[in-house]
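K.L.:
File follows, upload-v6.cif with mmCIF, C-alpha atoms and all ligand atoms:
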```cif
data_work
#
loop_
_atom_site.label_atom_id
_atom_site.label_comp_id
_atom_site.auth_asym_id
_atom_site.auth_seq_id
_atom_site.Cartn_x
_atom_site.Cartn_y
_atom_site.Cartn_z
CA MET A 1 245.83 68.10 23.39
CA LYS A 2 245.19 67.92 19.66
CA ILE A 3 247.42 70.35 17.79
CA LYS A 4 245.73 71.45 14.59
CA SER A 5 247.99 74.38 13.86
CA ALA A 6 251.11 75.93 15.36
CA GLU A 7 252.78 78.96 13.85
CA ILE A 8 254.96 81.89 14.73
CA VAL A 9 253.04 85.15 14.92
CA ILE A 10 255.91 87.56 15.50
CA SER A 11 259.41 87.92 16.94
CA ALA A 12 258.96 91.09 18.91
CA VAL A 13 261.53 93.50 20.31
CA LYS A 14 259.04 96.15 21.44
CA MET A 15 255.55 96.30 22.91
CA GLU A 16 253.95 97.82 19.81
CA GLN A 17 254.71 94.56 18.02
CA TYR A 18 252.89 92.27 20.46
CA PRO A 19 249.73 90.67 19.04
CA LYS A 20 246.72 92.89 19.67
CA ASP A 21 243.94 90.34 20.23
CA ASP A 22 243.10 88.89 23.62
CA LEU A 23 244.18 85.26 23.27
CA PRO A 24 245.66 83.87 26.49
CA GLU A 25 249.42 83.42 26.66
CA ILE A 26 251.77 81.22 28.66
CA ALA A 27 255.39 82.38 28.64
CA LEU A 28 258.53 80.28 29.05
CA ALA A 29 261.45 81.71 31.01
CA GLY A 30 264.84 80.27 31.88
CA ARG A 31 268.57 80.31 31.40
CA SER A 32 269.97 80.30 27.87
CA ASN A 33 270.28 76.74 26.59
CA VAL A 34 267.97 75.25 29.26
CA GLY A 35 265.55 74.03 26.57
CA LYS A 36 262.73 76.59 26.27
CA SER A 37 262.45 76.48 22.48
CA SER A 38 262.80 72.67 22.51
CA LEU A 39 259.94 72.42 25.01
CA ILE A 40 257.63 74.41 22.72
CA ASN A 41 258.51 72.10 19.84
CA LEU A 42 257.86 69.06 22.03
CA LEU A 43 254.47 70.36 23.16
CA VAL A 44 253.28 71.08 19.63
CA ASN A 45 254.91 68.04 17.96
CA ARG A 46 257.01 70.15 15.62
CA ARG A 47 260.74 69.68 15.35
CA LYS A 48 261.61 73.11 14.03
CA LEU A 49 258.86 75.55 14.91
CA ALA A 50 260.93 77.31 17.56
CA ARG A 51 264.58 77.63 16.55
CA THR A 52 266.90 75.76 18.90
CA SER A 53 270.68 75.73 19.13
CA SER A 54 273.43 73.97 21.01
CA SER A 55 275.08 77.37 21.54
CA PRO A 56 273.32 79.54 24.12
CA GLY A 57 271.68 82.87 23.32
CA LYS A 58 269.72 81.66 20.29
CA THR A 59 266.43 83.33 21.20
CA GLN A 60 266.98 87.08 21.60
CA THR A 61 263.48 88.34 20.95
CA ILE A 62 260.06 87.64 22.43
CA ASN A 63 258.58 85.03 20.11
CA PHE A 64 254.83 84.51 20.00
CA TYR A 65 253.50 81.14 18.77
CA ASP A 66 249.84 80.72 17.94
CA ILE A 67 248.38 77.29 18.74
CA ASN A 68 245.10 76.24 17.10
CA GLY A 69 244.08 79.90 16.96
CA GLN A 70 243.16 79.37 20.62
CA PHE A 71 246.15 80.43 22.70
CA ARG A 72 249.85 81.26 22.48
CA PHE A 73 253.16 80.09 23.85
CA VAL A 74 255.64 82.91 24.30
CA ASP A 75 259.33 82.04 24.09
CA LEU A 76 261.27 84.57 26.16
CA PRO A 77 264.96 85.30 25.61
CA GLY A 78 267.21 83.34 27.95
CA TYR A 79 269.38 84.83 30.68
CA GLY A 80 272.70 83.92 32.25
CA TYR A 81 274.79 83.72 29.11
CA ALA A 82 278.23 84.98 30.15
CA LYS A 83 279.34 86.34 26.78
CA VAL A 84 276.49 88.82 26.54
CA SER A 85 277.44 92.52 26.82
CA LYS A 86 276.26 94.72 29.68
CA ALA A 87 274.12 96.72 27.24
CA SER A 88 272.32 93.59 26.02
CA LYS A 89 271.75 92.46 29.59
CA GLU A 90 270.05 95.77 30.32
CA GLN A 91 268.06 95.47 27.13
CA TRP A 92 267.00 91.96 28.21
CA GLY A 93 265.86 93.24 31.62
CA LYS A 94 263.79 96.02 30.07
CA MET A 95 262.18 93.71 27.56
CA MET A 96 261.28 91.12 30.21
CA ASP A 97 259.97 93.73 32.61
CA LEU A 98 257.77 95.35 29.93
CA TYR A 99 256.31 92.01 28.94
CA LEU A 100 255.82 90.42 32.36
CA ASN A 101 254.59 93.62 33.98
CA ASN A 102 252.14 94.87 31.37
CA ARG A 103 250.89 92.00 29.31
CA LYS A 104 247.20 91.48 29.99
CA ASN A 105 247.10 88.30 27.88
CA LEU A 106 249.65 86.59 30.11
CA ILE A 107 247.97 84.01 32.33
CA GLU A 108 250.92 81.90 33.52
CA VAL A 109 254.71 81.64 33.37
CA ILE A 110 256.68 78.42 33.04
CA GLN A 111 260.15 78.55 34.55
CA LEU A 112 262.62 76.02 33.19
CA VAL A 113 265.63 74.76 35.12
CA ASP A 114 268.11 72.06 34.15
CA ILE A 115 267.44 68.95 36.25
CA ARG A 116 271.17 68.23 36.45
CA HIS A 117 272.09 71.40 38.32
CA ALA A 118 271.15 73.44 41.34
CA PRO A 119 269.24 76.57 40.28
CA THR A 120 271.47 79.60 39.69
CA GLN A 121 271.07 82.95 41.43
CA GLN A 122 269.29 84.22 38.32
CA ASP A 123 266.91 81.24 38.34
CA LYS A 124 266.03 82.16 41.93
CA HIS A 125 265.46 85.78 40.95
CA MET A 126 263.34 84.78 38.00
CA TYR A 127 261.16 82.50 40.11
CA SER A 128 260.59 85.09 42.79
CA TRP A 129 259.88 87.63 40.05
CA ILE A 130 257.19 85.32 38.65
CA LYS A 131 255.61 85.00 42.10
CA HIS A 132 255.95 88.74 42.67
CA PHE A 133 254.01 89.44 39.46
CA GLY A 134 251.22 87.24 40.85
CA PHE A 135 251.57 84.07 38.78
CA ASN A 136 251.60 80.57 40.26
CA GLY A 137 254.69 79.65 38.26
CA ILE A 138 255.06 76.17 36.80
CA VAL A 139 258.58 74.79 37.16
CA ILE A 140 259.83 72.41 34.48
CA ALA A 141 262.99 70.47 35.20
CA THR A 142 264.45 69.94 31.72
CA LYS A 143 266.78 67.36 30.18
CA LEU A 144 265.40 64.52 32.28
CA ASP A 145 267.03 62.03 29.91
CA LYS A 146 270.46 63.26 31.02
CA ILE A 147 270.32 61.87 34.57
CA LYS A 148 269.94 58.40 36.00
CA ARG A 149 266.51 57.38 37.23
CA GLY A 150 267.83 57.05 40.79
CA GLN A 151 268.94 60.71 40.79
CA ARG A 152 265.58 62.19 39.85
CA GLN A 153 263.94 62.68 43.22
CA LYS A 154 267.09 64.06 44.79
CA GLN A 155 267.45 66.67 42.02
CA LEU A 156 263.78 67.63 42.15
CA ASN A 157 264.01 68.10 45.92
CA LEU A 158 267.12 70.22 45.50
CA ILE A 159 265.40 72.47 42.95
CA ARG A 160 262.31 72.79 45.17
CA LYS A 161 264.43 73.77 48.12
CA GLU A 162 266.68 76.24 46.29
CA LEU A 163 263.76 77.99 44.59
CA ASN A 164 261.90 78.18 47.90
CA MET A 165 258.89 76.40 46.45
CA ASN A 166 255.85 75.64 48.60
CA SER A 167 254.40 72.14 48.78
CA GLU A 168 251.51 73.15 46.50
CA ASP A 169 253.87 74.60 43.86
CA ILE A 170 254.28 72.37 40.84
CA ILE A 171 257.47 70.97 39.34
CA ILE A 172 257.37 68.55 36.42
CA PRO A 173 260.43 66.76 35.02
CA VAL A 174 260.42 66.66 31.22
CA SER A 175 262.67 65.46 28.43
CA SER A 176 262.34 66.96 24.96
CA GLU A 177 264.42 64.01 23.72
CA SER A 178 262.54 61.04 25.19
CA ARG A 179 259.26 63.04 25.41
CA GLU A 180 258.77 61.90 28.99
CA GLY A 181 256.67 64.32 31.05
CA LYS A 182 254.90 65.78 28.02
CA GLU A 183 251.44 64.38 28.80
CA GLU A 184 251.59 65.42 32.44
CA LEU A 185 252.52 68.95 31.41
CA TRP A 186 249.72 69.11 28.82
CA GLU A 187 247.19 68.00 31.43
CA LEU A 188 248.19 70.94 33.55
CA LEU A 189 248.33 73.41 30.64
CA THR A 190 244.89 72.34 29.45
CA GLU A 191 243.56 73.32 32.86
CA VAL A 192 245.42 76.63 32.83
CA PHE A 193 244.21 77.54 29.32
CA ARG A 194 240.79 75.96 29.96
CA VAL A 195 240.82 74.38 26.50
P1 LIG B 201 268.11 80.11 24.25
O1 LIG B 201 267.24 80.34 23.04
O2 LIG B 201 269.55 80.32 23.99
O3 LIG B 201 267.63 80.90 25.43
O4 LIG B 201 268.04 78.53 24.64
P2 LIG B 201 266.76 77.61 24.87
O5 LIG B 201 266.41 77.60 26.30
O6 LIG B 201 265.68 77.94 23.90
O7 LIG B 201 267.36 76.15 24.55
P3 LIG B 201 267.12 75.22 23.26
O8 LIG B 201 265.73 74.70 23.23
O9 LIG B 201 267.65 75.91 22.06
O10 LIG B 201 268.05 73.96 23.65
C1 LIG B 201 269.44 74.10 23.89
C2 LIG B 201 270.13 72.79 23.63
O11 LIG B 201 269.70 71.81 24.58
C3 LIG B 201 269.85 72.19 22.25
O12 LIG B 201 271.04 71.58 21.78
C4 LIG B 201 268.77 71.15 22.54
O13 LIG B 201 268.78 70.09 21.61
C5 LIG B 201 269.19 70.65 23.93
N1 LIG B 201 268.03 70.15 24.70
C6 LIG B 201 266.90 70.82 25.00
N2 LIG B 201 266.06 70.04 25.73
C7 LIG B 201 266.69 68.86 25.89
C8 LIG B 201 266.33 67.63 26.56
O14 LIG B 201 265.27 67.46 27.17
N3 LIG B 201 267.26 66.62 26.53
C9 LIG B 201 268.46 66.75 25.89
N4 LIG B 201 269.29 65.70 25.92
N5 LIG B 201 268.81 67.88 25.25
C10 LIG B 201 267.95 68.91 25.24
MG MG B 202 265.49 79.45 22.55
#
```
Rewrite the coordinates I just gave you, this time as structure tokens.
Ligand code: GTP
Ligand code: MG

P.N.:
Amino acid sequence: MKIKSAEIVISAVKMEQYPKDDLPEIALAGRSNVGKSSLINLLVNRRKLARTSSSPGKTQTINFYDINGQFRFVDLPGYGYAKVSKASKEQWGKMMDLYLNNRKNLIEVIQLVDIRHAPTQQDKHMYSWIKHFGFNGIVIATKLDKIKRGQRQKQLNLIRKELNMNSEDIIIPVSSESREGKEELWELLTEVFRV
């Protein structure tokens, strides 16, 4: 995929702020710190387009990124960060529900899980939510560079099993550090966006 332009459109906290055209969108969901913002940067070859942080809870808004004026990636706020107040958790739930439930532009959701760990209860909820809303759901196992080669298949099988994935459901291991998995993911996204 040739990236000619990549820019933030808006950091939205409410529906009225979502872009009003009909460009297709793919959203990224996952636990805080799993690597959502890093994955966007990897995909568009930009180190600092989406703000990343080693401390969880960096992305608190719904961030829309325009790519080539053709489609958008949507960085969703992460979940599962223990230090977040009950009120912000409720706020998160409302925001996610409003976006996932009503957004006509949304054509697919990418769920990120850390390849090193078994999916959490919230990861399982998120994945079944994605399926419930009628998306295929693309699972990305992040931080591939952090495990030994010999551990890969075992971890991918574990994630598949815990998320209750079917054999036709897709999981791709990716590293935003080593860039491994990027091309495979773009091949799939190109099909999804039909670009
Ligand atoms: P929130 O915005 O808090 O929801 O987090 P996020 O999911 O956007 O995570 P982010 O992209 O900010 O990454 C969190 C941390 O993990 C940062 O320190 C990244 O550098 C690191 N990270 C992300 N992807 C990878 C990866 O593939 N490999 C390694 N080694 N580190 C990664
Ligand atoms: Mg982020």

K.L.:
I'd like to know which of A:Glu168, A:Asp114, A:Glu162, A:Glu187 is closest to ligand LIG 201 (chain B), using only C-alpha atoms and all ligand atoms.

P.N.:
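Closest candidate: A:Asp114.
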
K.L.:
Measuring between all atoms listed in the file, which one of A:Ala82, A:Ile3, A:Leu49, A:Ala141 shows the shortest distance to Gly35 in chain A?

P.N.:
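Answer, going by the shortest atom-to-atom distance: A:Ala141.
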
K.L.:
With all atoms listed in the file as the atoms that count, which of A:Lys143, A:Arg31, A:Lys83, A:Lys94 lies nearest to Gln121 in chain A?

P.N.:
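Nearest candidate to Gln121 in chain A out of A:Lys143, A:Arg31, A:Lys83, A:Lys94: A:Arg31.
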
K.L.:
Please give me, as number ranges by chain, the residues lying within 10 Å of ligand LIG 201 (chain B) when counting only C-alpha atoms and all ligand atoms.

P.N.:
A: 28-42, 50-61, 75-81, 112-115, 141-147, 173-181

K.L.:
Residues near range 102-105 of chain A, anyone? I mean within 10 Å using all atoms listed in the file, not counting same-chain ones fewer than 5 positions away, as a ChimeraX atom specification.

P.N.:
/A:15,18-26,71-72,96-97,133

K.L.:
Tell me, in Å to one decimal, how far CA of Phe73 in chain A is from CA of Gln17 in chain A.

P.N.:
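Going from CA of Phe73 in chain A over to CA of Gln17 in chain A covers 15.7 Å.
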
K.L.:
Quick one: residues within 7 Å of Gly137 in chain A, only C-alpha atoms counted, chain neighbours fewer than 5 positions away excluded, as a PDB file with C-alpha atoms, in the frame of the given file?

P.N.:
```pdb
ATOM      1  CA  GLU A 108     250.920  81.900  33.520  1.00  0.00           C
ATOM      2  CA  VAL A 109     254.710  81.640  33.370  1.00  0.00           C
ATOM      3  CA  ILE A 110     256.680  78.420  33.040  1.00  0.00           C
ATOM      4  CA  GLN A 111     260.150  78.550  34.550  1.00  0.00           C
ATOM      5  CA  ILE A 130     257.190  85.320  38.650  1.00  0.00           C
ATOM      6  CA  LYS A 131     255.610  85.000  42.100  1.00  0.00           C
TER       7      LYS A 131
END
```

K.L.:
By how many Å are CA of Ile172 in chain A and CA of Arg152 in chain A apart?

P.N.:
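Between CA of Ile172 in chain A and CA of Arg152 in chain A the gap is 10.9 Å.
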
K.L.:
Please provide as a PyMOL selection string all residues within 7 Å of Phe64 in chain A, with the sequence filter that same-chain residues fewer than 2 positions apart are discarded (counting only C-alpha atoms).

P.N.:
chain A and resi 8-11+62+66+72-75

K.L.:
From the options A:Ile170, A:Leu100, A:Ile107, A:Ala118, which residue's atoms come nearest to Arg194 in chain A, counting all atoms listed in the file?

P.N.:
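Looking only at the distances to Arg194 in chain A, the closest residue turns out to be A:Ile107.
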
K.L.:
Measuring between only C-alpha atoms, which one of A:Arg46, A:Lys2, A:Lys148, A:His117 shows the shortest distance to Trp186 in chain A?

P.N.:
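Answer, going by the shortest atom-to-atom distance: A:Lys2.
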
K.L.:
Provide the CA of Val139 in chain A to CA of Ile171 in chain A distance in Å, to one decimal place.

P.N.:
4.5 Å

K.L.:
Could you model N, CA and C atoms for range 11-27 of chain A and present them as a PDB file, keeping the file's coordinate frame?

P.N.:
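Now in part-v7.pdb:
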```pdb
ATOM      1  N   SER A  11     258.259  87.786  16.047  1.00  0.00           N
ATOM      2  CA  SER A  11     259.410  87.920  16.940  1.00  0.00           C
ATOM      3  C   SER A  11     259.478  89.383  17.321  1.00  0.00           C
ATOM      4  N   ALA A  12     259.095  89.685  18.537  1.00  0.00           N
ATOM      5  CA  ALA A  12     258.960  91.090  18.910  1.00  0.00           C
ATOM      6  C   ALA A  12     260.149  91.604  19.706  1.00  0.00           C
ATOM      7  N   VAL A  13     260.530  92.848  19.465  1.00  0.00           N
ATOM      8  CA  VAL A  13     261.530  93.500  20.310  1.00  0.00           C
ATOM      9  C   VAL A  13     260.903  94.652  21.096  1.00  0.00           C
ATOM     10  N   LYS A  14     259.720  95.096  20.677  1.00  0.00           N
ATOM     11  CA  LYS A  14     259.040  96.150  21.440  1.00  0.00           C
ATOM     12  C   LYS A  14     257.543  95.903  21.560  1.00  0.00           C
ATOM     13  N   MET A  15     256.950  96.561  22.551  1.00  0.00           N
ATOM     14  CA  MET A  15     255.550  96.300  22.910  1.00  0.00           C
ATOM     15  C   MET A  15     254.567  96.516  21.759  1.00  0.00           C
ATOM     16  N   GLU A  16     254.858  97.520  20.926  1.00  0.00           N
ATOM     17  CA  GLU A  16     253.950  97.820  19.810  1.00  0.00           C
ATOM     18  C   GLU A  16     253.786  96.625  18.880  1.00  0.00           C
ATOM     19  N   GLN A  17     254.759  95.717  18.927  1.00  0.00           N
ATOM     20  CA  GLN A  17     254.710  94.560  18.020  1.00  0.00           C
ATOM     21  C   GLN A  17     253.945  93.368  18.591  1.00  0.00           C
ATOM     22  N   TYR A  18     253.602  93.414  19.873  1.00  0.00           N
ATOM     23  CA  TYR A  18     252.890  92.270  20.460  1.00  0.00           C
ATOM     24  C   TYR A  18     251.534  92.112  19.768  1.00  0.00           C
ATOM     25  N   PRO A  19     251.049  90.875  19.637  1.00  0.00           N
ATOM     26  CA  PRO A  19     249.730  90.670  19.040  1.00  0.00           C
ATOM     27  C   PRO A  19     248.655  91.455  19.801  1.00  0.00           C
ATOM     28  N   LYS A  20     247.672  91.966  19.048  1.00  0.00           N
ATOM     29  CA  LYS A  20     246.720  92.890  19.670  1.00  0.00           C
ATOM     30  C   LYS A  20     245.379  92.260  20.055  1.00  0.00           C
ATOM     31  N   ASP A  21     245.196  90.980  19.816  1.00  0.00           N
ATOM     32  CA  ASP A  21     243.940  90.340  20.230  1.00  0.00           C
ATOM     33  C   ASP A  21     244.007  89.985  21.717  1.00  0.00           C
ATOM     34  N   ASP A  22     243.013  89.219  22.193  1.00  0.00           N
ATOM     35  CA  ASP A  22     243.100  88.890  23.620  1.00  0.00           C
ATOM     36  C   ASP A  22     243.232  87.383  23.894  1.00  0.00           C
ATOM     37  N   LEU A  23     243.918  86.671  23.012  1.00  0.00           N
ATOM     38  CA  LEU A  23     244.180  85.260  23.270  1.00  0.00           C
ATOM     39  C   LEU A  23     245.081  85.101  24.488  1.00  0.00           C
ATOM     40  N   PRO A  24     244.815  84.077  25.313  1.00  0.00           N
ATOM     41  CA  PRO A  24     245.660  83.870  26.490  1.00  0.00           C
ATOM     42  C   PRO A  24     247.065  83.394  26.114  1.00  0.00           C
ATOM     43  N   GLU A  25     248.034  83.784  26.925  1.00  0.00           N
ATOM     44  CA  GLU A  25     249.420  83.420  26.660  1.00  0.00           C
ATOM     45  C   GLU A  25     250.073  82.778  27.887  1.00  0.00           C
ATOM     46  N   ILE A  26     250.905  81.775  27.625  1.00  0.00           N
ATOM     47  CA  ILE A  26     251.770  81.220  28.660  1.00  0.00           C
ATOM     48  C   ILE A  26     253.201  81.441  28.193  1.00  0.00           C
ATOM     49  N   ALA A  27     254.012  82.072  29.022  1.00  0.00           N
ATOM     50  CA  ALA A  27     255.390  82.380  28.640  1.00  0.00           C
ATOM     51  C   ALA A  27     256.359  81.380  29.248  1.00  0.00           C
TER      52      ALA A  27
END
```
